[in-house]
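Below: entry_0.txt (compact mmCIF, N, CA and C atoms and all ligand atoms)
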```txt
# COMPACT_ATOMS: atom_id res chain seq x y z
N MET A 1 -11.68 37.49 -73.14
CA MET A 1 -10.22 37.43 -73.14
C MET A 1 -9.67 37.94 -71.81
N ARG A 2 -10.27 39.04 -71.33
CA ARG A 2 -9.79 39.63 -70.08
C ARG A 2 -9.99 38.65 -68.90
N SER A 3 -11.18 38.00 -68.86
CA SER A 3 -11.41 37.09 -67.74
C SER A 3 -10.48 35.87 -67.84
N ARG A 4 -10.16 35.46 -69.05
CA ARG A 4 -9.24 34.33 -69.18
C ARG A 4 -7.86 34.71 -68.62
N GLU A 5 -7.43 35.94 -68.90
CA GLU A 5 -6.15 36.40 -68.36
C GLU A 5 -6.20 36.46 -66.84
N ALA A 6 -7.32 36.96 -66.31
CA ALA A 6 -7.45 37.06 -64.85
C ALA A 6 -7.35 35.68 -64.21
N MET A 7 -7.88 34.68 -64.86
CA MET A 7 -7.85 33.33 -64.28
C MET A 7 -6.44 32.75 -64.27
N ARG A 8 -5.54 33.35 -65.02
CA ARG A 8 -4.17 32.84 -65.06
C ARG A 8 -3.33 33.45 -63.94
N PHE A 9 -3.94 34.35 -63.15
CA PHE A 9 -3.22 35.00 -62.06
C PHE A 9 -3.66 34.35 -60.76
N VAL A 10 -2.71 33.80 -60.02
CA VAL A 10 -3.05 32.99 -58.84
C VAL A 10 -2.13 33.35 -57.68
N GLN A 11 -2.66 33.27 -56.46
CA GLN A 11 -1.80 33.36 -55.27
C GLN A 11 -1.55 31.95 -54.76
N ILE A 12 -0.29 31.63 -54.48
CA ILE A 12 0.05 30.35 -53.87
C ILE A 12 0.67 30.64 -52.50
N ARG A 13 0.57 29.66 -51.62
CA ARG A 13 1.11 29.81 -50.26
C ARG A 13 1.86 28.56 -49.86
N LYS A 14 2.94 28.77 -49.12
CA LYS A 14 3.64 27.63 -48.54
C LYS A 14 3.89 27.91 -47.07
N GLN A 15 3.70 26.87 -46.27
CA GLN A 15 3.87 26.99 -44.82
C GLN A 15 5.22 26.44 -44.38
N PHE A 16 5.78 27.12 -43.37
CA PHE A 16 7.03 26.69 -42.75
C PHE A 16 6.83 26.77 -41.24
N ARG A 17 7.71 26.12 -40.50
CA ARG A 17 7.65 26.18 -39.04
C ARG A 17 9.04 26.40 -38.48
N PHE A 18 9.10 27.12 -37.38
CA PHE A 18 10.37 27.23 -36.65
C PHE A 18 10.06 27.42 -35.17
N GLU A 19 11.01 26.97 -34.36
CA GLU A 19 10.91 27.11 -32.90
C GLU A 19 11.90 28.17 -32.49
N ALA A 20 11.47 29.10 -31.66
CA ALA A 20 12.40 30.16 -31.26
C ALA A 20 11.99 30.72 -29.90
N ALA A 21 12.98 31.33 -29.25
CA ALA A 21 12.77 31.95 -27.94
C ALA A 21 12.76 33.47 -28.10
N HIS A 22 12.01 34.13 -27.21
CA HIS A 22 12.08 35.58 -27.21
C HIS A 22 11.67 36.16 -25.86
N VAL A 23 12.02 37.41 -25.71
CA VAL A 23 11.61 38.22 -24.56
C VAL A 23 11.04 39.50 -25.14
N LEU A 24 9.88 39.93 -24.67
CA LEU A 24 9.34 41.22 -25.08
C LEU A 24 9.60 42.20 -23.94
N PRO A 25 10.67 43.01 -24.07
CA PRO A 25 11.14 43.79 -22.91
C PRO A 25 10.15 44.83 -22.42
N HIS A 26 9.24 45.27 -23.28
CA HIS A 26 8.30 46.32 -22.88
C HIS A 26 6.95 45.79 -22.41
N HIS A 27 6.78 44.46 -22.48
CA HIS A 27 5.48 43.87 -22.16
C HIS A 27 5.23 43.92 -20.65
N PRO A 28 4.04 44.31 -20.24
CA PRO A 28 3.79 44.44 -18.80
C PRO A 28 3.56 43.09 -18.12
N GLY A 29 3.33 42.03 -18.88
CA GLY A 29 2.97 40.75 -18.28
C GLY A 29 4.02 39.69 -18.49
N LYS A 30 3.55 38.45 -18.63
CA LYS A 30 4.47 37.31 -18.64
C LYS A 30 5.36 37.24 -19.87
N CYS A 31 5.01 37.98 -20.94
CA CYS A 31 5.85 37.95 -22.16
C CYS A 31 7.18 38.66 -21.96
N SER A 32 7.35 39.34 -20.82
CA SER A 32 8.65 39.95 -20.54
C SER A 32 9.63 38.92 -19.99
N ARG A 33 9.14 37.69 -19.75
CA ARG A 33 10.05 36.62 -19.31
C ARG A 33 10.44 35.77 -20.51
N LEU A 34 11.66 35.22 -20.48
CA LEU A 34 12.14 34.38 -21.57
C LEU A 34 11.21 33.18 -21.77
N HIS A 35 10.74 33.00 -23.00
CA HIS A 35 9.87 31.87 -23.32
C HIS A 35 9.97 31.60 -24.81
N GLY A 36 9.33 30.54 -25.26
CA GLY A 36 9.44 30.17 -26.67
C GLY A 36 8.10 29.94 -27.32
N HIS A 37 8.12 29.91 -28.64
CA HIS A 37 6.93 29.60 -29.43
C HIS A 37 7.29 28.63 -30.55
N SER A 38 6.30 27.86 -30.97
CA SER A 38 6.39 27.11 -32.22
C SER A 38 5.72 27.98 -33.27
N TYR A 39 6.53 28.75 -33.99
CA TYR A 39 5.99 29.70 -34.96
C TYR A 39 5.62 28.98 -36.25
N ARG A 40 4.60 29.51 -36.93
CA ARG A 40 4.29 29.06 -38.29
C ARG A 40 4.43 30.26 -39.19
N LEU A 41 5.02 30.07 -40.33
CA LEU A 41 5.20 31.13 -41.32
C LEU A 41 4.47 30.74 -42.59
N ASP A 42 3.62 31.62 -43.09
CA ASP A 42 3.01 31.44 -44.41
C ASP A 42 3.64 32.44 -45.36
N VAL A 43 4.11 31.95 -46.49
CA VAL A 43 4.69 32.80 -47.53
C VAL A 43 3.75 32.73 -48.74
N ALA A 44 3.22 33.90 -49.14
CA ALA A 44 2.30 33.95 -50.29
C ALA A 44 3.00 34.62 -51.47
N ILE A 45 2.85 34.01 -52.62
CA ILE A 45 3.43 34.50 -53.87
C ILE A 45 2.29 34.65 -54.87
N GLU A 46 2.30 35.76 -55.59
CA GLU A 46 1.27 35.96 -56.62
C GLU A 46 1.93 36.13 -57.98
N GLY A 47 1.24 35.65 -58.99
CA GLY A 47 1.77 35.86 -60.32
C GLY A 47 0.96 35.11 -61.36
N GLY A 48 1.35 35.32 -62.60
CA GLY A 48 0.72 34.59 -63.69
C GLY A 48 1.27 33.17 -63.76
N LEU A 49 0.50 32.30 -64.36
CA LEU A 49 0.95 30.92 -64.51
C LEU A 49 1.98 30.84 -65.64
N GLN A 50 3.04 30.11 -65.39
CA GLN A 50 4.06 29.94 -66.43
C GLN A 50 3.48 29.09 -67.56
N SER A 51 3.84 29.46 -68.78
CA SER A 51 3.20 28.82 -69.94
C SER A 51 4.07 27.74 -70.57
N ASP A 52 5.30 27.64 -70.15
CA ASP A 52 6.11 26.52 -70.65
C ASP A 52 7.19 26.17 -69.64
N GLY A 53 7.99 25.18 -69.97
CA GLY A 53 9.05 24.73 -69.06
C GLY A 53 8.52 23.80 -67.99
N PRO A 54 9.40 23.37 -67.07
CA PRO A 54 9.00 22.40 -66.05
C PRO A 54 7.96 22.93 -65.07
N ALA A 55 7.86 24.27 -64.93
CA ALA A 55 6.86 24.85 -64.01
C ALA A 55 5.62 25.30 -64.78
N ARG A 56 5.38 24.74 -65.95
CA ARG A 56 4.19 25.08 -66.73
C ARG A 56 2.94 24.88 -65.87
N GLY A 57 2.06 25.88 -65.89
CA GLY A 57 0.83 25.76 -65.11
C GLY A 57 1.01 26.15 -63.65
N MET A 58 2.21 26.59 -63.28
CA MET A 58 2.48 27.00 -61.89
C MET A 58 2.86 28.48 -61.87
N VAL A 59 2.59 29.13 -60.72
CA VAL A 59 3.16 30.46 -60.48
C VAL A 59 4.66 30.29 -60.24
N LEU A 60 4.99 29.38 -59.34
CA LEU A 60 6.38 29.08 -58.97
C LEU A 60 6.36 27.70 -58.34
N ASP A 61 7.35 26.91 -58.64
CA ASP A 61 7.44 25.57 -58.04
C ASP A 61 7.56 25.72 -56.52
N PHE A 62 6.73 25.00 -55.75
CA PHE A 62 6.80 25.10 -54.29
C PHE A 62 8.22 24.78 -53.78
N ASP A 63 8.90 23.89 -54.48
CA ASP A 63 10.28 23.56 -54.05
C ASP A 63 11.20 24.77 -54.17
N GLU A 64 10.92 25.64 -55.13
CA GLU A 64 11.76 26.84 -55.28
C GLU A 64 11.51 27.81 -54.14
N ILE A 65 10.28 27.88 -53.64
CA ILE A 65 10.00 28.72 -52.48
C ILE A 65 10.80 28.20 -51.28
N SER A 66 10.77 26.90 -51.07
CA SER A 66 11.52 26.31 -49.96
C SER A 66 13.01 26.57 -50.11
N ALA A 67 13.51 26.49 -51.33
CA ALA A 67 14.95 26.66 -51.56
C ALA A 67 15.41 28.07 -51.20
N VAL A 68 14.49 29.04 -51.25
CA VAL A 68 14.82 30.41 -50.86
C VAL A 68 14.57 30.63 -49.37
N VAL A 69 13.39 30.19 -48.89
CA VAL A 69 12.95 30.54 -47.53
C VAL A 69 13.78 29.80 -46.47
N LYS A 70 14.12 28.56 -46.74
CA LYS A 70 14.83 27.79 -45.70
C LYS A 70 16.18 28.41 -45.33
N PRO A 71 17.07 28.66 -46.30
CA PRO A 71 18.36 29.25 -45.89
C PRO A 71 18.25 30.70 -45.43
N ALA A 72 17.36 31.48 -46.05
CA ALA A 72 17.29 32.92 -45.75
C ALA A 72 16.59 33.20 -44.43
N VAL A 73 15.67 32.33 -44.04
CA VAL A 73 14.83 32.63 -42.87
C VAL A 73 14.82 31.48 -41.86
N ILE A 74 14.37 30.31 -42.28
CA ILE A 74 14.11 29.24 -41.32
C ILE A 74 15.38 28.80 -40.61
N GLU A 75 16.46 28.59 -41.37
CA GLU A 75 17.69 28.11 -40.74
C GLU A 75 18.28 29.16 -39.81
N ARG A 76 17.95 30.41 -40.03
CA ARG A 76 18.47 31.48 -39.15
C ARG A 76 17.61 31.66 -37.90
N LEU A 77 16.30 31.42 -38.03
CA LEU A 77 15.41 31.67 -36.90
C LEU A 77 15.19 30.43 -36.03
N ASP A 78 15.27 29.24 -36.64
CA ASP A 78 14.92 28.03 -35.90
C ASP A 78 15.91 27.79 -34.76
N HIS A 79 15.37 27.54 -33.56
CA HIS A 79 16.17 27.33 -32.36
C HIS A 79 17.11 28.50 -32.08
N SER A 80 16.62 29.69 -32.35
CA SER A 80 17.40 30.90 -32.07
C SER A 80 16.74 31.67 -30.93
N SER A 81 17.50 32.65 -30.43
CA SER A 81 16.93 33.65 -29.55
C SER A 81 16.65 34.87 -30.41
N LEU A 82 15.38 35.17 -30.64
CA LEU A 82 15.02 36.21 -31.60
C LEU A 82 15.54 37.58 -31.16
N ASN A 83 15.76 37.76 -29.87
CA ASN A 83 16.30 39.05 -29.39
C ASN A 83 17.72 39.30 -29.88
N ASP A 84 18.41 38.23 -30.36
CA ASP A 84 19.74 38.44 -30.94
C ASP A 84 19.63 39.10 -32.33
N LEU A 85 18.45 39.00 -32.95
CA LEU A 85 18.26 39.52 -34.31
C LEU A 85 17.52 40.85 -34.33
N MET A 86 16.70 41.09 -33.30
CA MET A 86 15.92 42.34 -33.25
C MET A 86 15.64 42.63 -31.78
N PRO A 87 15.58 43.90 -31.40
CA PRO A 87 15.50 44.24 -29.97
C PRO A 87 14.15 43.92 -29.34
N ASN A 88 13.08 43.91 -30.12
CA ASN A 88 11.74 43.73 -29.56
C ASN A 88 10.96 42.80 -30.48
N PRO A 89 11.24 41.47 -30.40
CA PRO A 89 10.73 40.54 -31.41
C PRO A 89 9.25 40.17 -31.24
N THR A 90 8.40 41.15 -31.46
CA THR A 90 6.97 40.88 -31.54
C THR A 90 6.69 40.14 -32.85
N ALA A 91 5.52 39.54 -32.96
CA ALA A 91 5.14 38.88 -34.21
C ALA A 91 5.19 39.88 -35.37
N GLU A 92 4.81 41.13 -35.09
CA GLU A 92 4.83 42.16 -36.12
C GLU A 92 6.25 42.42 -36.62
N HIS A 93 7.20 42.56 -35.66
CA HIS A 93 8.58 42.81 -36.07
C HIS A 93 9.21 41.61 -36.76
N ILE A 94 8.83 40.41 -36.32
CA ILE A 94 9.35 39.21 -36.98
C ILE A 94 8.86 39.16 -38.43
N ALA A 95 7.58 39.49 -38.63
CA ALA A 95 7.03 39.49 -40.00
C ALA A 95 7.75 40.52 -40.87
N GLN A 96 8.03 41.70 -40.31
CA GLN A 96 8.75 42.72 -41.08
C GLN A 96 10.18 42.27 -41.39
N TRP A 97 10.82 41.64 -40.41
CA TRP A 97 12.19 41.13 -40.62
C TRP A 97 12.20 40.10 -41.74
N ILE A 98 11.24 39.17 -41.70
CA ILE A 98 11.18 38.13 -42.74
C ILE A 98 10.91 38.76 -44.10
N TRP A 99 10.02 39.76 -44.13
CA TRP A 99 9.75 40.43 -45.41
C TRP A 99 11.04 41.00 -46.00
N ARG A 100 11.80 41.68 -45.15
CA ARG A 100 13.04 42.30 -45.65
C ARG A 100 14.02 41.24 -46.15
N GLU A 101 14.07 40.09 -45.49
CA GLU A 101 15.00 39.03 -45.91
C GLU A 101 14.58 38.41 -47.23
N LEU A 102 13.26 38.35 -47.48
CA LEU A 102 12.78 37.64 -48.68
C LEU A 102 12.51 38.56 -49.86
N SER A 103 12.23 39.84 -49.61
CA SER A 103 11.93 40.72 -50.74
C SER A 103 13.19 40.86 -51.59
N GLY A 104 13.04 40.78 -52.86
CA GLY A 104 14.19 40.78 -53.75
C GLY A 104 14.71 39.39 -54.06
N LYS A 105 14.34 38.42 -53.20
CA LYS A 105 14.76 37.03 -53.47
C LYS A 105 13.62 36.20 -54.04
N LEU A 106 12.37 36.65 -53.81
CA LEU A 106 11.20 35.90 -54.29
C LEU A 106 10.32 36.84 -55.11
N ALA A 107 10.36 36.72 -56.42
CA ALA A 107 9.51 37.56 -57.27
C ALA A 107 8.05 37.25 -56.98
N GLY A 108 7.25 38.29 -56.90
CA GLY A 108 5.81 38.10 -56.67
C GLY A 108 5.46 37.92 -55.20
N LEU A 109 6.43 38.17 -54.29
CA LEU A 109 6.12 38.04 -52.86
C LEU A 109 4.94 38.95 -52.52
N ALA A 110 3.88 38.37 -51.98
CA ALA A 110 2.63 39.11 -51.76
C ALA A 110 2.29 39.28 -50.29
N GLU A 111 2.66 38.31 -49.46
CA GLU A 111 2.23 38.35 -48.06
C GLU A 111 3.11 37.45 -47.23
N ILE A 112 3.42 37.94 -46.03
CA ILE A 112 4.12 37.15 -45.01
C ILE A 112 3.18 37.11 -43.81
N VAL A 113 2.90 35.91 -43.32
CA VAL A 113 2.06 35.76 -42.13
C VAL A 113 2.86 34.97 -41.09
N VAL A 114 3.06 35.58 -39.93
CA VAL A 114 3.77 34.92 -38.84
C VAL A 114 2.75 34.57 -37.76
N TRP A 115 2.56 33.27 -37.56
CA TRP A 115 1.64 32.79 -36.52
C TRP A 115 2.45 32.53 -35.26
N GLU A 116 2.18 33.30 -34.20
CA GLU A 116 2.90 33.12 -32.95
C GLU A 116 2.25 32.03 -32.11
N THR A 117 0.94 31.96 -32.20
CA THR A 117 0.18 30.86 -31.58
C THR A 117 -0.81 30.38 -32.64
N GLN A 118 -1.65 29.42 -32.28
CA GLN A 118 -2.60 28.91 -33.26
C GLN A 118 -3.67 29.95 -33.59
N THR A 119 -3.81 30.99 -32.75
CA THR A 119 -4.90 31.94 -32.97
C THR A 119 -4.42 33.37 -33.18
N ALA A 120 -3.11 33.61 -33.13
CA ALA A 120 -2.62 34.99 -33.20
C ALA A 120 -1.52 35.10 -34.25
N CYS A 121 -1.69 36.04 -35.18
CA CYS A 121 -0.70 36.19 -36.24
C CYS A 121 -0.51 37.66 -36.61
N ALA A 122 0.59 37.94 -37.32
CA ALA A 122 0.85 39.27 -37.87
C ALA A 122 1.06 39.11 -39.37
N VAL A 123 0.55 40.08 -40.14
CA VAL A 123 0.58 39.99 -41.61
C VAL A 123 1.28 41.23 -42.17
N VAL A 124 2.22 41.01 -43.08
CA VAL A 124 2.82 42.10 -43.86
C VAL A 124 2.52 41.81 -45.32
N ARG A 125 2.01 42.82 -46.03
CA ARG A 125 1.59 42.63 -47.42
C ARG A 125 2.35 43.55 -48.35
N ALA A 126 2.53 43.11 -49.58
CA ALA A 126 3.05 43.98 -50.63
C ALA A 126 2.13 45.19 -50.73
N GLY A 127 2.73 46.37 -50.83
CA GLY A 127 1.92 47.58 -50.91
C GLY A 127 1.74 48.27 -49.57
N ASP A 128 2.00 47.54 -48.45
CA ASP A 128 1.98 48.20 -47.15
C ASP A 128 3.07 49.27 -47.12
N PRO A 129 2.89 50.34 -46.34
CA PRO A 129 3.94 51.36 -46.27
C PRO A 129 5.30 50.77 -45.94
N GLU A 130 5.33 49.77 -45.08
CA GLU A 130 6.58 49.16 -44.65
C GLU A 130 7.31 48.46 -45.80
N THR A 131 6.59 47.99 -46.80
CA THR A 131 7.19 47.15 -47.84
C THR A 131 7.52 47.94 -49.10
N ARG A 132 7.19 49.23 -49.13
CA ARG A 132 7.47 50.00 -50.35
C ARG A 132 8.92 50.43 -50.42
ZN ZN A 201 5.94 35.24 -26.83
```

Could you express the structure from this file as structure tokens?
Ligand SMILES: [Zn+2]
Amino acid sequence: MRSREAMRFVQIRKQFRFEAAHVLPHHPGKCSRLHGHSYRLDVAIEGGLQSDGPARGMVLDFDEISAVVKPAVIERLDHSSLNDLMPNPTAEHIAQWIWRELSGKLAGLAEIVVWETQTACAVVRAGDPETR
């Protein structure tokens, strides 16, 4: 019975993209000059599978994640200057900013991953000191 319950608990992820400019004022190298990135955002939600209704068998309808993330985050960050929103927009600070915008709006929010390049990302997780 216990293992059956465990199998009903799943993490789902949805990816988003936004283009934005930033300056890292404390960086000793080229990142102190104005430049942009094509950021990728992964939003992870954990929870039990719903047992009835239109989302039966789902943690949360992927469309519902988009309906929250797009207005709260993507539409605000896309084609923006991130320094207008935070003084030192590192990938780490962007991930923390996104966490604060989404926590309370997405039940089961488990992880925010901000990919600044194809190989470099910052992760904020539920339970981290920053998210408590
Ligand atoms: Zn950069």

Enumerate, in order of chain and increasing residue number, the residues of chain A with an atom no farther than 7 Å from ligand ZN 201 (chain A), each with its shortest atom pair and distance in Å to one decimal, counting all atoms listed in the file, as a tab-separated table.
```
residue	atom	partner	partner_atom	distance
A:His22	C	A:ZN201	ZN	5.9
A:Val23	N	A:ZN201	ZN	6.6
A:Leu24	N	A:ZN201	ZN	6.5
A:Cys31	CA	A:ZN201	ZN	5.4
A:His35	C	A:ZN201	ZN	5.8
A:Gly36	C	A:ZN201	ZN	5.7
A:His37	N	A:ZN201	ZN	6.0
```

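We find atom CA of Leu109 of chain A and atom CA of Met86 of chain A to be spaced 22.3 Å apart.
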
If you count only N, CA and C atoms, the residue of A:Ser51, A:Ser81, A:Gln96, A:Ser38 closest to Val124 of chain A turns out to be A:Gln96

In Å and to one decimal, atom C of Phe18 of chain A is distant from atom CA of Tyr39 of chain A by 4.7 Å

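Taking all atoms listed in the file, the non-local environment of segment 125-130 of chain A within 6.5 Å (same-chain residues fewer than 2 positions away omitted) comprises Leu109, Ala110, Glu111, Ile112, Val123 and Arg132 of chain A.
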
Across A:Thr131, A:Pro25, A:Arg13, A:Ser103, the smallest distance to Pro89 of chain A, with only N, CA and C atoms counted, is shown by A:Pro25

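Per DSSP on the backbone, alpha helix (DSSP H) in chain A comprises A:Arg2, A:Ser3, A:Arg4, A:Glu5, A:Ala6, A:Met7, A:Phe62, A:Asp63, A:Glu64, A:Ile65, A:Ser66, A:Ala67, A:Val68, A:Val69, A:Glu75, A:Arg76, A:Leu77, A:Ala91, A:Glu92, A:His93, A:Ile94, A:Ala95, A:Gln96, A:Trp97, A:Ile98, A:Trp99, A:Arg100, A:Glu101, A:Leu102.
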
Could you give me, as a PDB file with N, CA and C atoms, in the coordinates of the input, the residues within 8 Å of Ile12 of chain A, counting all atoms listed in the file and dropping anything in the same chain fewer than 3 positions from it?
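New file result_2.pdb:
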```
ATOM      1  N   PHE A   9      -3.940  34.350 -63.150  1.00  0.00           N
ATOM      2  CA  PHE A   9      -3.220  35.000 -62.060  1.00  0.00           C
ATOM      3  C   PHE A   9      -3.660  34.350 -60.760  1.00  0.00           C
ATOM      4  N   GLN A  15       3.700  26.870 -46.270  1.00  0.00           N
ATOM      5  CA  GLN A  15       3.870  26.990 -44.820  1.00  0.00           C
ATOM      6  C   GLN A  15       5.220  26.440 -44.380  1.00  0.00           C
ATOM      7  N   ASP A  42       3.620  31.620 -43.090  1.00  0.00           N
ATOM      8  CA  ASP A  42       3.010  31.440 -44.410  1.00  0.00           C
ATOM      9  C   ASP A  42       3.640  32.440 -45.360  1.00  0.00           C
ATOM     10  N   VAL A  43       4.110  31.950 -46.490  1.00  0.00           N
ATOM     11  CA  VAL A  43       4.690  32.800 -47.530  1.00  0.00           C
ATOM     12  C   VAL A  43       3.750  32.730 -48.740  1.00  0.00           C
ATOM     13  N   ALA A  44       3.220  33.900 -49.140  1.00  0.00           N
ATOM     14  CA  ALA A  44       2.300  33.950 -50.290  1.00  0.00           C
ATOM     15  C   ALA A  44       3.000  34.620 -51.470  1.00  0.00           C
ATOM     16  N   ILE A  45       2.850  34.010 -52.620  1.00  0.00           N
ATOM     17  CA  ILE A  45       3.430  34.500 -53.870  1.00  0.00           C
ATOM     18  C   ILE A  45       2.290  34.650 -54.870  1.00  0.00           C
ATOM     19  N   GLU A  46       2.300  35.760 -55.590  1.00  0.00           N
ATOM     20  CA  GLU A  46       1.270  35.960 -56.620  1.00  0.00           C
ATOM     21  C   GLU A  46       1.930  36.130 -57.980  1.00  0.00           C
ATOM     22  N   GLY A  47       1.240  35.650 -58.990  1.00  0.00           N
ATOM     23  CA  GLY A  47       1.770  35.860 -60.320  1.00  0.00           C
ATOM     24  C   GLY A  47       0.960  35.110 -61.360  1.00  0.00           C
ATOM     25  N   VAL A  59       2.590  29.130 -60.720  1.00  0.00           N
ATOM     26  CA  VAL A  59       3.160  30.460 -60.480  1.00  0.00           C
ATOM     27  C   VAL A  59       4.660  30.290 -60.240  1.00  0.00           C
ATOM     28  N   LEU A  60       4.990  29.380 -59.340  1.00  0.00           N
ATOM     29  CA  LEU A  60       6.380  29.080 -58.970  1.00  0.00           C
ATOM     30  C   LEU A  60       6.360  27.700 -58.340  1.00  0.00           C
TER      31      LEU A  60
END
```

- Among chain A, which ones does DSSP place in strand (DSSP E or B), written as an MDAnalysis selection string? chainID A and resid 9:22 35:48 80:81 109:115 121:125

Suppose you want the space between atom N of Asp78 of chain A and atom CA of Met58 of chain A; what is it in Å?
->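 Computing it gives 28.4 Å between the two atoms.
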